[in-house]
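One file, coords.tsv, is given below (TSV, C-alpha atoms).
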```
chain	number	residue	atom	x	y	z
G	249	MET	CA	0.00	0.00	0.00
G	250	ASN	CA	1.34	3.43	-0.96
G	251	ARG	CA	0.85	6.31	1.46
G	252	ASN	CA	1.75	9.97	1.19
G	253	ALA	CA	3.89	11.68	3.81
G	254	ASP	CA	0.93	12.88	5.87
G	255	ASP	CA	-0.54	9.39	5.89
G	256	LEU	CA	2.78	7.95	7.07
G	257	GLU	CA	2.98	10.36	9.98
G	258	THR	CA	-0.57	9.49	11.01
G	259	ASP	CA	-0.08	5.78	10.50
G	260	TYR	CA	3.08	5.64	12.62
G	261	ALA	CA	1.61	7.81	15.36
G	262	THR	CA	-1.56	5.72	15.50
G	263	ALA	CA	0.52	2.56	15.74
G	264	GLY	CA	2.36	3.92	18.78
G	265	PHE	CA	5.62	5.19	17.30
G	266	GLY	CA	7.14	8.62	17.77
G	267	GLY	CA	7.19	9.06	21.54
G	268	LYS	CA	9.25	11.91	22.90
G	269	LEU	CA	12.68	11.65	24.49
G	270	LEU	CA	13.62	14.44	26.86
G	271	PRO	CA	17.18	15.76	26.52
G	272	GLY	CA	19.25	15.82	29.68
G	273	LYS	CA	21.48	18.52	31.09
G	274	SER	CA	24.85	16.92	30.27
G	275	PRO	CA	25.28	16.57	26.51
G	276	ALA	CA	28.16	15.72	24.24
G	277	LEU	CA	28.45	16.43	20.53
G	278	ILE	CA	29.62	13.74	18.12
G	279	LEU	CA	30.87	14.51	14.61
G	280	ILE	CA	30.89	11.29	12.63
G	281	ASP	CA	33.40	10.62	9.85
G	282	PHE	CA	33.85	14.08	8.34
G	283	ALA	CA	36.62	12.66	6.16
G	284	ARG	CA	38.11	14.04	2.96
G	285	ALA	CA	36.65	11.11	1.01
G	286	TYR	CA	33.16	12.64	1.18
G	287	PHE	CA	34.37	16.04	-0.07
G	288	ASP	CA	36.82	15.04	-2.82
G	289	LYS	CA	35.02	15.08	-6.16
G	290	ASP	CA	37.48	12.56	-7.56
G	291	CYS	CA	36.53	10.01	-4.90
G	292	GLY	CA	33.63	7.63	-5.40
G	293	LEU	CA	32.40	8.45	-1.91
G	294	TYR	CA	31.96	12.15	-2.73
G	295	ALA	CA	28.55	13.12	-1.35
G	296	GLY	CA	28.15	16.86	-1.90
G	297	VAL	CA	27.73	17.52	1.82
G	298	GLU	CA	29.71	20.73	2.20
G	299	ALA	CA	26.73	22.58	3.67
G	300	GLU	CA	26.30	19.94	6.36
G	301	ARG	CA	29.99	20.22	7.26
G	302	THR	CA	29.59	23.97	7.73
G	303	VAL	CA	26.65	23.45	10.07
G	304	ALA	CA	28.56	20.80	12.02
G	305	ALA	CA	31.54	23.12	12.42
G	306	ARG	CA	29.26	25.78	13.88
G	307	LEU	CA	27.92	23.23	16.36
G	308	ALA	CA	31.45	22.22	17.33
G	309	ASP	CA	32.29	25.85	18.08
G	310	ALA	CA	29.12	26.21	20.16
G	311	ALA	CA	29.87	23.03	22.10
G	312	ARG	CA	33.43	24.07	22.92
G	313	ALA	CA	32.22	27.50	24.01
G	314	ALA	CA	29.78	25.82	26.40
G	315	GLY	CA	32.38	23.40	27.76
G	316	VAL	CA	30.52	20.47	26.23
G	317	PRO	CA	32.62	17.46	25.13
G	318	VAL	CA	33.23	17.21	21.38
G	319	VAL	CA	33.82	13.77	19.86
G	320	PHE	CA	35.19	13.14	16.38
G	321	THR	CA	35.13	9.72	14.75
G	322	ARG	CA	37.35	8.49	11.99
G	323	VAL	CA	37.78	5.20	10.12
G	324	GLU	CA	41.15	3.60	9.52
G	325	TYR	CA	42.01	0.06	8.42
G	326	ALA	CA	45.55	-1.17	9.02
G	327	THR	CA	44.49	-4.35	7.22
G	328	PRO	CA	41.27	-5.18	5.33
G	329	GLY	CA	40.52	-7.74	8.00
G	330	ASP	CA	39.97	-4.95	10.52
G	331	GLY	CA	36.66	-4.20	8.82
G	332	GLY	CA	35.45	-7.78	8.64
G	333	GLN	CA	32.36	-8.38	6.55
G	334	PHE	CA	31.61	-4.65	6.40
G	335	TYR	CA	34.82	-4.06	4.43
G	336	ARG	CA	33.90	-6.89	2.06
G	337	LYS	CA	30.37	-5.59	1.56
G	338	VAL	CA	31.49	-2.01	0.79
G	339	PRO	CA	34.65	-2.01	-1.35
G	340	ALA	CA	34.64	1.81	-1.26
G	341	LEU	CA	35.92	1.54	2.32
G	342	ALA	CA	39.39	1.08	0.84
G	343	ALA	CA	39.47	4.89	0.90
G	344	PHE	CA	40.06	4.51	4.64
G	345	ASP	CA	43.05	2.19	4.42
G	346	SER	CA	45.89	3.33	6.65
G	347	GLY	CA	47.96	6.02	4.94
G	348	ASN	CA	45.29	7.05	2.46
G	349	PRO	CA	44.79	10.83	2.82
G	350	LEU	CA	41.11	10.44	1.92
G	351	GLY	CA	40.58	9.25	5.48
G	352	ASP	CA	41.95	12.47	6.96
G	353	PHE	CA	39.84	15.32	8.33
G	354	THR	CA	39.45	18.43	6.20
G	355	PRO	CA	40.75	21.82	7.39
G	356	GLU	CA	37.17	23.12	7.66
G	357	LEU	CA	36.31	20.60	10.39
G	358	THR	CA	39.11	18.99	12.35
G	359	PRO	CA	39.66	18.12	16.02
G	360	HIS	CA	41.01	20.72	18.44
G	361	ASP	CA	43.14	20.07	21.49
G	362	GLY	CA	40.87	18.59	24.15
G	363	ASP	CA	38.44	16.99	21.70
G	364	ILE	CA	37.95	13.23	21.83
G	365	VAL	CA	38.91	11.26	18.70
G	366	VAL	CA	37.54	7.74	18.26
G	367	THR	CA	38.89	5.45	15.55
G	368	LYS	CA	36.36	2.86	14.46
G	369	PHE	CA	36.11	0.01	11.99
G	370	PHE	CA	32.35	-0.37	11.70
G	371	PRO	CA	29.32	1.92	11.22
G	372	SER	CA	28.55	2.59	14.88
G	373	ALA	CA	30.91	4.80	16.86
G	374	PHE	CA	30.13	2.57	19.85
G	375	PHE	CA	30.86	-0.85	18.37
G	376	ALA	CA	34.27	-2.22	19.44
G	377	THR	CA	35.31	1.18	20.89
G	378	ASP	CA	35.40	2.65	24.39
G	379	LEU	CA	33.13	5.58	23.50
G	380	ALA	CA	30.31	4.59	25.87
G	381	THR	CA	32.78	4.21	28.73
G	382	GLN	CA	34.31	7.63	28.05
G	383	LEU	CA	30.91	9.34	27.86
G	384	HIS	CA	29.61	7.69	31.01
G	385	ALA	CA	32.81	8.70	32.84
G	386	LEU	CA	32.15	12.31	31.81
G	387	GLY	CA	28.58	12.17	33.10
G	388	VAL	CA	27.06	12.56	29.64
G	389	ASP	CA	23.37	11.75	29.36
G	390	THR	CA	22.55	13.14	25.89
G	391	LEU	CA	24.34	12.85	22.55
G	392	LEU	CA	23.94	15.38	19.76
G	393	VAL	CA	24.57	13.36	16.60
G	394	THR	CA	25.96	14.83	13.38
G	395	GLY	CA	27.90	13.41	10.48
G	396	LEU	CA	28.09	11.14	7.49
G	397	SER	CA	26.28	9.31	6.28
G	398	THR	CA	22.74	9.53	7.58
G	399	SER	CA	21.81	6.05	6.40
G	400	GLY	CA	25.01	4.44	7.65
G	401	CYS	CA	27.19	5.59	10.50
G	402	VAL	CA	24.83	8.30	11.78
G	403	ARG	CA	21.93	5.88	11.99
G	404	ALA	CA	24.05	3.13	13.57
G	405	THR	CA	25.56	5.50	16.14
G	406	ALA	CA	22.19	7.02	17.09
G	407	LEU	CA	20.72	3.55	17.59
G	408	ASP	CA	23.62	2.41	19.74
G	409	ALA	CA	23.53	5.65	21.73
G	410	LEU	CA	19.94	4.81	22.62
G	411	CYS	CA	20.91	1.25	23.52
G	412	HIS	CA	23.67	2.54	25.82
G	413	GLY	CA	21.22	4.75	27.68
G	414	PHE	CA	21.96	8.12	26.08
G	415	VAL	CA	19.28	10.36	24.58
G	416	PRO	CA	20.16	10.67	20.88
G	417	LEU	CA	19.44	14.05	19.30
G	418	VAL	CA	20.08	13.82	15.56
G	419	VAL	CA	20.79	17.25	14.08
G	420	GLU	CA	19.26	16.87	10.65
G	421	ASP	CA	20.95	19.73	8.81
G	422	ALA	CA	24.34	18.61	10.16
G	423	CYS	CA	23.89	15.08	8.73
G	424	GLY	CA	24.24	14.18	5.08
G	425	ASP	CA	24.00	11.36	2.59
G	426	ARG	CA	24.79	10.87	-1.07
G	427	ASP	CA	21.07	10.98	-1.97
G	428	ARG	CA	18.44	13.19	-0.33
G	429	ARG	CA	15.77	10.49	-0.61
G	430	VAL	CA	17.90	8.09	1.42
G	431	HIS	CA	18.60	10.82	3.98
G	432	ASP	CA	14.92	11.66	4.35
G	433	ALA	CA	13.84	8.03	4.74
G	434	ASN	CA	16.38	7.41	7.48
G	435	ILE	CA	15.56	10.64	9.29
G	436	PHE	CA	11.89	9.62	9.30
G	437	ASP	CA	12.75	6.21	10.76
G	438	LEU	CA	15.12	7.62	13.36
G	439	LYS	CA	12.51	10.15	14.47
G	440	SER	CA	9.84	7.45	14.66
G	441	LYS	CA	11.80	4.84	16.60
G	442	TYR	CA	15.19	5.76	17.97
G	443	ALA	CA	15.95	9.47	18.38
G	444	GLU	CA	14.75	13.01	18.51
G	445	VAL	CA	15.45	14.96	15.31
G	446	TRP	CA	16.38	18.62	15.66
G	447	GLU	CA	17.58	21.42	13.44
G	448	SER	CA	20.87	23.15	14.23
G	449	GLU	CA	19.26	26.32	15.62
G	450	GLU	CA	17.59	24.30	18.35
G	451	ALA	CA	20.82	22.42	19.01
G	452	VAL	CA	22.86	25.63	19.37
G	453	ALA	CA	20.30	27.04	21.81
G	454	TYR	CA	20.41	23.80	23.81
G	455	LEU	CA	24.21	23.90	23.96
G	456	GLY	CA	23.98	27.43	25.27
G	457	ARG	CA	21.90	26.21	28.19
G	458	ALA	CA	23.80	23.01	28.98
G	459	SER	CA	27.24	22.17	30.29
G	460	ILE	CA	29.04	19.31	31.96
```

Let me see whether you can do it: turn the structure in this file into structure tokens.
Amino acid sequence: MNRNADDLETDYATAGFGGKLLPGKSPALILIDFARAYFDKDCGLYAGVEAERTVAARLADAARAAGVPVVFTRVEYATPGDGGQFYRKVPALAAFDSGNPLGDFTPELTPHDGDIVVTKFFPSAFFATDLATQLHALGVDTLLVTGLSTSGCVRATALDALCHGFVPLVVEDACGDRDRRVHDANIFDLKSKYAEVWESEEAVAYLGRASI
């Protein structure tokens, strides 16, 4: 059965999806995989997400000004085996082989001294990393989620944030994908089941009110 957007909203709400999560008072900001690969037009992973990077950089500045922890993630494979079946499923991940500059951060959005940098092998920033432990140790209760791509690492990280007990706040205009239709579908699903979805203006205001 085909439904238009309004019908989908009504259908999901009637079925019991879309409850509200209340943000806490101790947030962190995560910036997922803002690597050169997604901004280099000669790379197959190029996604045309420069605008989203600009928004994410503004959020990073706001978080640092508020004393809120800022987390960057990156992907790096010393050997293909590090990525397991994920690396086999997505051959484009070779862009993140150790030593490939496509895996580096761009000058427009790069970690500062005091930021947390997490190296990961799989979509979620939590899987096989100590991110949850670090955030719990800092007293974090809420995670503002930004990054690339919406359908992959953003979605996986938001879901795992929820599973680890954090309130995930996905900042829609600071998340991007290679196709807007894919982005929109995943944002709808995240909002329905796993996270709150905000725009950056609301996120900046929240950061101004919150601190660790």

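Shortest atom-to-atom contact with Glu449 (chain G) among G:Arg429, G:Lys273, G:Arg301, G:Arg306: G:Arg306, counting only C-alpha atoms.
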
CA of Leu455 (chain G) and CA of Ala422 (chain G) are how many Å apart?
->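 These two atoms are separated by 14.8 Å.
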
Of the residues G:Ser448, G:Ser274, G:Thr377, G:Thr258, which is the one nearest to Ala305 (chain G), using all atoms listed in the file?
-> G:Ser448

Polymer residues at most 9 Å from Val365 (chain G), all atoms listed in the file, same-chain spacing of 6 or more positions, as a ChimeraX atom specification | /G:318-322,359

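If you count only C-alpha atoms and ignore residues fewer than 3 places along the chain from Gly296 (chain G), what sits within 12 Å of it is G:Arg284, G:Ala285, G:Tyr286, G:Phe287, G:Asp288, G:Lys289, G:Asp290, G:Cys291, G:Gly292, G:Leu293, G:Ala299, G:Glu300, G:Arg301, G:Leu396, G:Ser397, G:Cys423, G:Gly424, G:Asp425, G:Arg426, G:Asp427, G:Arg428.
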
Neighbour residues at most 7 Å from (18.4, 5.5, 17.6) (all atoms listed in the file) as a PyMOL selection string = chain G and resi 403+406-410+416+438+441-443

Restricting the output to C-alpha atoms, write the selected residues as a short mmCIF file (atom, residue, chain, number, x, y, z; two decimals), in the frame of the given file.
```cif
data_model
loop_
_atom_site.label_atom_id
_atom_site.label_comp_id
_atom_site.auth_asym_id
_atom_site.auth_seq_id
_atom_site.Cartn_x
_atom_site.Cartn_y
_atom_site.Cartn_z
CA ARG G 403 21.93 5.88 11.99
CA ALA G 406 22.19 7.02 17.09
CA LEU G 407 20.72 3.55 17.59
CA ASP G 408 23.62 2.41 19.74
CA ALA G 409 23.53 5.65 21.73
CA LEU G 410 19.94 4.81 22.62
CA PRO G 416 20.16 10.67 20.88
CA LEU G 438 15.12 7.62 13.36
CA LYS G 441 11.80 4.84 16.60
CA TYR G 442 15.19 5.76 17.97
CA ALA G 443 15.95 9.47 18.38
#
```

Would you mind telling me which residue in G:His412, G:Lys439, G:His431, G:Arg312 lies nearest to Gly266 (chain G) when using all atoms listed in the file?
->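 Result for the nearest residue to Gly266 (chain G): G:Lys439.
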
Which value, in Å to one decimal, gives the distance between CA of Val297 (chain G) and CA of Ile364 (chain G)?
-> 22.9 Å

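Every protein, DNA or RNA residue with an atom at most 12 Å from Gln333 (chain G), where all atoms listed in the file count and chain neighbours fewer than 4 positions away do not, is listed here: Pro328, Gly329, Lys337, Val338, Pro339, Leu341, Phe369, Phe370 and Pro371 of chain G.
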
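Summary of the local environment: counting all atoms listed in the file, residues at most 10 Å from Thr327 (chain G), other than itself and those fewer than 6 positions away along its chain, are Ala342, Asp345 and Ser346 of chain G.
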
Please measure the separation of CA of Glu450 (chain G) and CA of Ala310 (chain G), giving the value in Å to one decimal.
->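 CA of Ala310 (chain G) lies 11.8 Å from CA of Glu450 (chain G).
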